[in-house]
>>> print(open('structure_28.txt').read())   # compact mmCIF, C-alpha atoms
# COMPACT_ATOMS: atom_id res chain seq x y z
CA MET G 56 -3.75 -5.29 -2.74
CA GLY G 57 -7.29 -6.47 -2.07
CA LEU G 58 -6.37 -10.05 -2.96
CA ALA G 59 -3.29 -9.87 -0.72
CA GLN G 60 -5.39 -8.42 2.11
CA ARG G 61 -7.87 -11.28 1.95
CA GLU G 62 -5.07 -13.86 2.14
CA ILE G 63 -3.42 -12.14 5.10
CA GLU G 64 -6.72 -11.73 6.97
CA SER G 65 -7.58 -15.38 6.48
CA ALA G 66 -4.15 -16.31 7.86
CA GLY G 67 -5.29 -14.81 11.18
CA PHE G 68 -4.23 -11.15 11.09
CA SER G 69 -6.43 -8.08 11.40
CA THR G 70 -6.11 -6.04 8.24
CA ILE G 71 -7.27 -2.75 6.84
CA THR G 72 -6.57 -1.10 3.50
CA LEU G 73 -6.23 2.68 3.39
CA THR G 74 -7.39 3.34 -0.13
CA PRO G 75 -7.63 6.44 -2.27
CA VAL G 76 -9.70 4.46 -4.80
CA LEU G 77 -12.66 3.05 -2.88
CA GLU G 78 -14.63 1.56 -5.74
CA LEU G 79 -11.69 -0.32 -7.21
CA THR G 80 -10.58 -1.89 -3.95
CA ALA G 81 -14.14 -2.61 -2.77
CA SER G 82 -14.78 -4.47 -6.01
CA VAL G 83 -12.64 -7.35 -4.74
CA SER G 84 -14.49 -7.33 -1.38
CA VAL G 85 -11.76 -6.93 1.22
CA PRO G 86 -12.21 -7.38 4.99
CA ARG G 87 -11.92 -3.70 6.01
CA LEU G 88 -11.47 -0.47 4.08
CA ALA G 89 -10.66 3.08 5.08
CA ALA G 90 -11.33 5.34 2.11
CA ILE G 91 -9.70 8.70 1.64
CA GLU G 92 -10.04 11.21 -1.18
CA TYR G 93 -6.35 11.99 -1.40
CA PRO G 94 -4.19 11.77 -4.54
CA LEU G 95 -2.27 8.64 -5.49
CA GLY G 96 1.25 8.73 -4.09
CA ARG G 97 0.18 10.87 -1.11
CA THR G 98 -2.45 8.71 0.58
CA LEU G 99 -1.40 9.93 4.03
CA GLY G 100 -0.82 13.58 3.18
CA GLN G 101 1.60 16.22 1.96
CA PRO G 102 5.39 16.09 2.44
CA GLY G 103 6.26 17.77 5.73
CA ASP G 104 2.69 17.83 7.10
CA ARG G 105 3.50 15.73 10.11
CA ALA G 106 0.28 16.31 12.02
CA GLY G 107 -1.92 15.68 9.00
CA LYS G 108 -0.32 12.36 8.21
CA MET G 109 -0.49 11.30 11.87
CA ALA G 110 -4.23 12.09 11.88
CA VAL G 111 -4.80 9.87 8.84
CA LEU G 112 -2.80 6.99 10.33
CA ARG G 113 -4.68 7.29 13.65
CA ALA G 114 -8.04 7.32 11.85
CA THR G 115 -7.02 4.25 9.85
CA LEU G 116 -6.06 2.32 13.00
CA GLU G 117 -9.27 3.46 14.66
CA ALA G 118 -11.22 2.10 11.70
CA LEU G 119 -9.27 -1.17 11.95
CA THR G 120 -10.40 -1.76 15.51
CA THR G 121 -13.97 -0.49 15.18
CA ILE G 122 -15.25 -1.79 11.83
CA GLU G 123 -17.11 -4.88 12.99
CA THR G 124 -18.87 -6.06 9.84
CA PRO G 125 -16.76 -8.17 7.48
CA GLY G 126 -16.33 -6.13 4.33
CA GLY G 127 -17.11 -2.93 6.20
CA SER G 128 -15.73 0.37 5.03
CA ARG G 129 -15.43 3.88 6.35
CA ARG G 130 -14.86 7.17 4.59
CA LEU G 131 -12.22 9.07 6.52
CA PRO G 132 -13.23 12.68 7.21
CA PHE G 133 -10.30 14.42 5.50
CA GLN G 134 -10.33 16.82 2.61
CA TRP G 135 -7.38 17.41 0.31
CA PRO G 136 -6.42 21.10 0.34
CA GLU G 137 -6.12 21.42 -3.45
CA SER G 138 -8.83 21.13 -6.11
CA PRO G 139 -8.43 18.15 -8.47
CA LYS G 140 -7.16 20.53 -11.19
CA GLN G 141 -4.37 21.78 -8.94
CA VAL G 142 -3.08 18.30 -8.09
CA HIS G 143 0.16 17.48 -9.90
CA ASN G 144 0.29 13.74 -9.94
CA GLU G 145 1.57 12.57 -13.31
CA PRO G 146 4.22 9.86 -13.29
CA PRO G 147 7.52 11.05 -14.82
CA GLU G 148 7.02 8.83 -17.89
CA THR G 149 3.81 7.50 -19.43
CA PRO G 150 3.29 3.99 -18.00
CA PRO G 151 4.33 1.29 -20.50
CA ILE G 152 0.80 -0.07 -20.78
CA GLY G 153 -0.42 3.44 -21.67
CA ARG G 154 2.12 3.74 -24.50
CA TYR G 155 1.23 0.25 -25.69
CA LEU G 156 -2.50 0.97 -25.77
CA ALA G 157 -1.89 4.25 -27.60
CA ARG G 158 -0.33 2.15 -30.38
CA ASN G 159 -2.71 -0.80 -30.02
CA PRO G 160 -6.04 0.57 -28.75
CA TRP G 161 -7.91 -2.61 -29.69
CA PHE G 162 -6.19 -4.28 -26.72
CA LEU G 163 -8.02 -2.04 -24.22
CA PRO G 164 -10.87 -4.55 -23.62
CA LYS G 165 -8.26 -7.19 -22.82
CA LEU G 166 -6.72 -4.88 -20.23
CA LEU G 167 -10.09 -4.10 -18.65
CA SER G 168 -10.95 -7.79 -18.42
CA ARG G 169 -7.40 -8.65 -17.33
CA ASN G 170 -7.21 -11.05 -20.25
CA VAL G 171 -3.45 -10.90 -20.67
CA PRO G 172 -2.48 -11.63 -24.30
CA LEU G 173 0.57 -13.84 -23.81
CA MET I 297 -4.49 -13.18 18.51
CA ASP I 298 -5.94 -10.50 16.26
CA ALA I 299 -6.51 -6.83 16.80
CA HIS I 300 -10.22 -7.36 17.46
CA ALA I 301 -9.52 -9.46 20.53
CA LYS I 302 -6.64 -7.23 21.64
CA LYS I 303 -6.48 -3.54 22.40
CA LEU I 304 -4.55 -1.49 19.87
CA LYS I 305 -2.11 -0.49 22.60
CA ASP I 306 -1.13 -4.17 22.89
CA CYS I 307 -0.87 -4.83 19.16
CA THR I 308 2.19 -5.16 16.96
CA VAL I 309 1.42 -3.28 13.76
CA VAL I 310 3.01 -3.71 10.34
CA LEU I 311 2.77 -1.71 7.11
CA LEU I 312 2.43 -3.20 3.63
CA SER I 313 2.70 -0.82 0.69
CA SER I 314 2.19 -1.40 -3.01
CA ALA I 315 4.27 1.63 -4.01
CA GLY I 316 7.35 -0.33 -5.10
CA ILE I 317 9.54 0.89 -2.24
CA ALA I 318 12.99 -0.69 -1.91
CA LEU I 319 16.08 0.13 0.11
CA LYS I 320 18.71 1.79 -2.09
CA ALA I 321 21.03 -1.06 -1.07
CA ASP I 322 18.47 -3.68 -2.14
CA ARG I 323 17.49 -4.99 -5.59
CA PRO I 324 15.25 -2.50 -7.45
CA PHE I 325 11.83 -3.64 -8.65
CA ASP I 326 12.17 -4.67 -12.30
CA GLN I 327 10.96 -1.66 -14.29
CA GLU I 328 12.80 -2.62 -17.46
CA GLY I 329 10.87 -5.89 -17.58
CA GLU I 330 7.61 -3.92 -17.52
CA ARG I 331 8.85 -1.55 -20.22
CA LEU I 332 9.65 -4.55 -22.42
CA ASN I 333 6.32 -6.27 -21.66
CA PRO I 334 3.67 -3.78 -20.51
CA TRP I 335 1.36 -6.64 -19.53
CA TRP I 336 3.81 -7.73 -16.83
CA GLY I 337 4.64 -6.24 -13.43
CA ASP I 338 7.29 -7.32 -10.93
CA PRO I 339 5.44 -9.51 -8.36
CA SER I 340 8.24 -9.62 -5.78
CA CYS I 341 8.49 -8.03 -2.35
CA ARG I 342 11.05 -5.93 -0.49
CA ILE I 343 11.58 -5.82 3.27
CA LEU I 344 12.00 -2.43 4.91
CA PRO I 345 13.31 -2.07 8.47
CA ALA I 346 11.17 -0.08 10.91
CA GLY I 347 13.73 2.72 10.96
CA ALA I 348 13.87 3.28 7.18
CA THR I 349 13.42 6.86 5.98
CA GLU I 350 13.26 8.60 2.62
CA GLN I 351 17.07 8.82 2.80
CA ASP I 352 17.30 5.02 2.61
CA VAL I 353 14.81 4.13 -0.12
CA ARG I 354 13.75 4.64 -3.71
CA LEU I 355 10.35 4.07 -5.30
CA TYR I 356 10.07 1.89 -8.39
CA HIS I 357 6.51 2.29 -9.66
CA LEU I 358 5.81 3.48 -13.21
CA HIS I 359 2.16 4.42 -12.53
CA ILE I 360 2.57 7.06 -9.83
CA ASP I 361 4.62 10.20 -9.22
CA PRO I 362 7.25 8.93 -6.72
CA SER I 363 8.70 12.36 -5.98
CA TYR I 364 6.49 13.16 -2.97
CA ALA I 365 7.31 9.96 -1.08
CA GLU I 366 10.99 10.25 -2.00
CA ARG I 367 10.90 13.64 -0.22
CA ASP I 368 8.87 12.33 2.74
CA LEU I 369 8.27 8.59 2.92
CA ASN I 370 5.38 9.12 5.33
CA CYS I 371 3.31 10.50 2.43
CA LEU I 372 2.41 6.91 1.60
CA PHE I 373 4.36 4.69 4.02
CA PRO I 374 4.08 6.15 7.54
CA LEU I 375 6.90 4.30 9.31
CA GLY I 376 7.92 7.43 11.20
CA ARG I 377 4.40 8.20 12.39
CA LEU I 378 3.88 4.56 13.42
CA LYS I 379 7.05 4.73 15.51
CA GLU I 380 5.68 7.83 17.23
CA LEU I 381 2.44 6.00 18.04
CA GLU I 382 4.55 3.25 19.61
CA GLN I 383 6.49 5.79 21.66
CA ALA I 384 3.21 7.40 22.78
CA GLY I 385 1.86 4.02 23.87
CA GLU I 386 -1.06 4.16 21.40
CA ILE I 387 0.05 0.92 19.73
CA GLY I 388 2.03 -1.90 21.31
CA HIS I 389 4.91 -2.13 18.86
CA THR I 390 5.86 -1.31 15.32
CA ALA I 391 7.00 -4.56 13.68
CA PRO I 392 10.76 -4.90 13.09
CA ARG I 393 10.18 -5.54 9.36
CA HIS I 394 7.72 -3.87 6.99
CA TYR I 395 6.97 -4.68 3.35
CA SER I 396 6.48 -3.26 -0.10
CA ILE I 397 5.29 -4.81 -3.29
CA MET I 398 4.83 -2.98 -6.60
CA GLY I 399 1.13 -2.82 -7.23
CA TYR I 400 0.93 -3.07 -11.03
CA PHE I 401 0.31 -6.62 -12.10
CA LEU I 402 -2.51 -7.96 -14.21
CA ARG I 403 -2.00 -11.59 -13.24
CA PRO I 404 -1.87 -12.14 -9.46
CA GLU I 405 -0.70 -15.78 -9.48
CA VAL I 406 2.93 -15.30 -8.43
CA LEU I 407 1.97 -12.69 -5.85
CA LEU I 408 -0.63 -14.93 -4.24
CA GLN I 409 1.25 -18.21 -4.52
CA GLU I 410 4.74 -17.04 -3.55
CA THR I 411 5.04 -13.45 -2.35
CA VAL I 412 2.10 -13.22 0.06
CA PRO I 413 2.74 -16.61 1.74
CA ALA I 414 6.36 -15.55 2.37
CA ILE I 415 5.13 -12.29 3.92
CA ILE I 416 2.69 -14.22 6.12
CA GLU I 417 5.55 -16.40 7.41
CA HIS I 418 7.48 -13.27 8.40
CA LEU I 419 4.38 -11.78 10.09
CA ARG I 420 3.99 -14.93 12.19
CA ALA I 421 7.68 -14.94 13.13
CA ASP I 422 7.45 -11.29 14.19
CA LYS I 423 4.22 -11.90 16.17
CA VAL I 424 2.33 -9.26 14.21
CA ASP I 425 -1.33 -8.61 15.11
CA ALA I 426 -2.47 -5.91 12.70
CA VAL I 427 -1.62 -5.08 9.09
CA VAL I 428 -2.19 -1.69 7.49
CA LEU I 429 -2.15 -2.00 3.71
CA ALA I 430 -1.38 1.27 1.98
CA PRO I 431 -1.78 1.21 -1.80
CA ALA I 432 0.27 3.68 -3.77
>>> encode(input="structure_28.txt", output="structure tokens")
Amino acid sequence: MGLAQREIESAGFSTITLTPVLELTASVSVPRLAAIEYPLGRTLGQPGDRAGKMAVLRATLEALTTIETPGGSRRLPFQWPESPKQVHNEPPETPPIGRYLARNPWFLPKLLSRNVPL
Amino acid sequence: MDAHAKKLKDCTVVLLSSAGIALKADRPFDQEGERLNPWWGDPSCRILPAGATEQDVRLYHLHIDPSYAERDLNCLFPLGRLKELEQAGEIGHTAPRHYSIMGYFLRPEVLLQETVPAIIEHLRADKVDAVVLAPA
């Protein structure tokens, strides 16, 4: 997403990424970041919590128009109501790359360096 | 003109997700291809109309739990909330077309050389000012 954001920004659009994983996205140095400590799959909030999700969207748009420095980021002031242990966030099946690495753990460095063995 | 020269209330805003969202009537993201080759992810894009809801879509992303957004799409793709901001006059317009890719790919070449340029063409045609990218 960071790479896509940079392309879109350089094509003349104002962009911001709302990210639950600040360090990962920041590592590809994107134009603007709004960071939120919410679980994957629910970056805006819980099902049914209309007001909560509206607040996150508003704060993201506010960050879009007020972050002046290229590469600037802002931590949004929201706290997830559950502790990390309470969050149920597992995908229904283990991702294919996870199953593959369980069988072939020596390929993990290739994954981390994005050195795709094809 | 970009959102820094324009007020938000005059801007057309678009959403771009990486959650692998597709209309039920549209082609699914290729999950079988990823199961067969775990080093590959579908680099294509799906267009979602501004009025799409959880009734209209499915999520095809093997690295997240899709059940929350399939109950309430606004959990990660706030089309409904964006429409409300338009109705309240806080943004100018919600774009007529919004976008989803599927964010698992280890090689970004196809995404950057084909998918993103096609999205940019659509954004220009729709006179979009501001893009909110929402990873899964």
>>> closest_residue(input="structure_28.txt", among="I:Val353, I:Ala384, I:Cys341, I:Leu369", to="chain G", atoms="all atoms listed in the file")
I:Leu369
>>> interface_residues(input="structure_28.txt", of="chain G", to="chain I", cutoff="9 Å", atoms="all atoms listed in the file", output="PyMOL selection string")
chain G and resi 56-60+62-64+66-75+95-105+108-109+112-113+115-117+119-121+123+143-155+166+169-173
>>> write_last_selection(input="structure_28.txt", atoms="C-alpha atoms", output="compact mmCIF listing (two decimals), in the coordinates of the input")
# COMPACT_ATOMS: atom_id res chain seq x y z
CA MET G 56 -3.75 -5.29 -2.74
CA GLY G 57 -7.29 -6.47 -2.07
CA LEU G 58 -6.37 -10.05 -2.96
CA ALA G 59 -3.29 -9.87 -0.72
CA GLN G 60 -5.39 -8.42 2.11
CA GLU G 62 -5.07 -13.86 2.14
CA ILE G 63 -3.42 -12.14 5.10
CA GLU G 64 -6.72 -11.73 6.97
CA ALA G 66 -4.15 -16.31 7.86
CA GLY G 67 -5.29 -14.81 11.18
CA PHE G 68 -4.23 -11.15 11.09
CA SER G 69 -6.43 -8.08 11.40
CA THR G 70 -6.11 -6.04 8.24
CA ILE G 71 -7.27 -2.75 6.84
CA THR G 72 -6.57 -1.10 3.50
CA LEU G 73 -6.23 2.68 3.39
CA THR G 74 -7.39 3.34 -0.13
CA PRO G 75 -7.63 6.44 -2.27
CA LEU G 95 -2.27 8.64 -5.49
CA GLY G 96 1.25 8.73 -4.09
CA ARG G 97 0.18 10.87 -1.11
CA THR G 98 -2.45 8.71 0.58
CA LEU G 99 -1.40 9.93 4.03
CA GLY G 100 -0.82 13.58 3.18
CA GLN G 101 1.60 16.22 1.96
CA PRO G 102 5.39 16.09 2.44
CA GLY G 103 6.26 17.77 5.73
CA ASP G 104 2.69 17.83 7.10
CA ARG G 105 3.50 15.73 10.11
CA LYS G 108 -0.32 12.36 8.21
CA MET G 109 -0.49 11.30 11.87
CA LEU G 112 -2.80 6.99 10.33
CA ARG G 113 -4.68 7.29 13.65
CA THR G 115 -7.02 4.25 9.85
CA LEU G 116 -6.06 2.32 13.00
CA GLU G 117 -9.27 3.46 14.66
CA LEU G 119 -9.27 -1.17 11.95
CA THR G 120 -10.40 -1.76 15.51
CA THR G 121 -13.97 -0.49 15.18
CA GLU G 123 -17.11 -4.88 12.99
CA HIS G 143 0.16 17.48 -9.90
CA ASN G 144 0.29 13.74 -9.94
CA GLU G 145 1.57 12.57 -13.31
CA PRO G 146 4.22 9.86 -13.29
CA PRO G 147 7.52 11.05 -14.82
CA GLU G 148 7.02 8.83 -17.89
CA THR G 149 3.81 7.50 -19.43
CA PRO G 150 3.29 3.99 -18.00
CA PRO G 151 4.33 1.29 -20.50
CA ILE G 152 0.80 -0.07 -20.78
CA GLY G 153 -0.42 3.44 -21.67
CA ARG G 154 2.12 3.74 -24.50
CA TYR G 155 1.23 0.25 -25.69
CA LEU G 166 -6.72 -4.88 -20.23
CA ARG G 169 -7.40 -8.65 -17.33
CA ASN G 170 -7.21 -11.05 -20.25
CA VAL G 171 -3.45 -10.90 -20.67
CA PRO G 172 -2.48 -11.63 -24.30
CA LEU G 173 0.57 -13.84 -23.81
>>> atom_distance(input="structure_28.txt", atom1="atom CA of Phe133 of chain G", atom2="atom CA of Ile91 of chain G")
6.9 Å
>>> atom_distance(input="structure_28.txt", atom1="atom CA of Ser128 of chain G", atom2="atom CA of Val76 of chain G")
12.2 Å
>>> closest_residue(input="structure_28.txt", among="G:Arg61, G:Arg87, G:Lys165, G:Arg158", to="Pro125 of chain G", atoms="all atoms listed in the file")
G:Arg87
>>> atom_distance(input="structure_28.txt", atom1="atom CA of His389 of chain I", atom2="atom CA of Ala318 of chain I")
22.3 Å
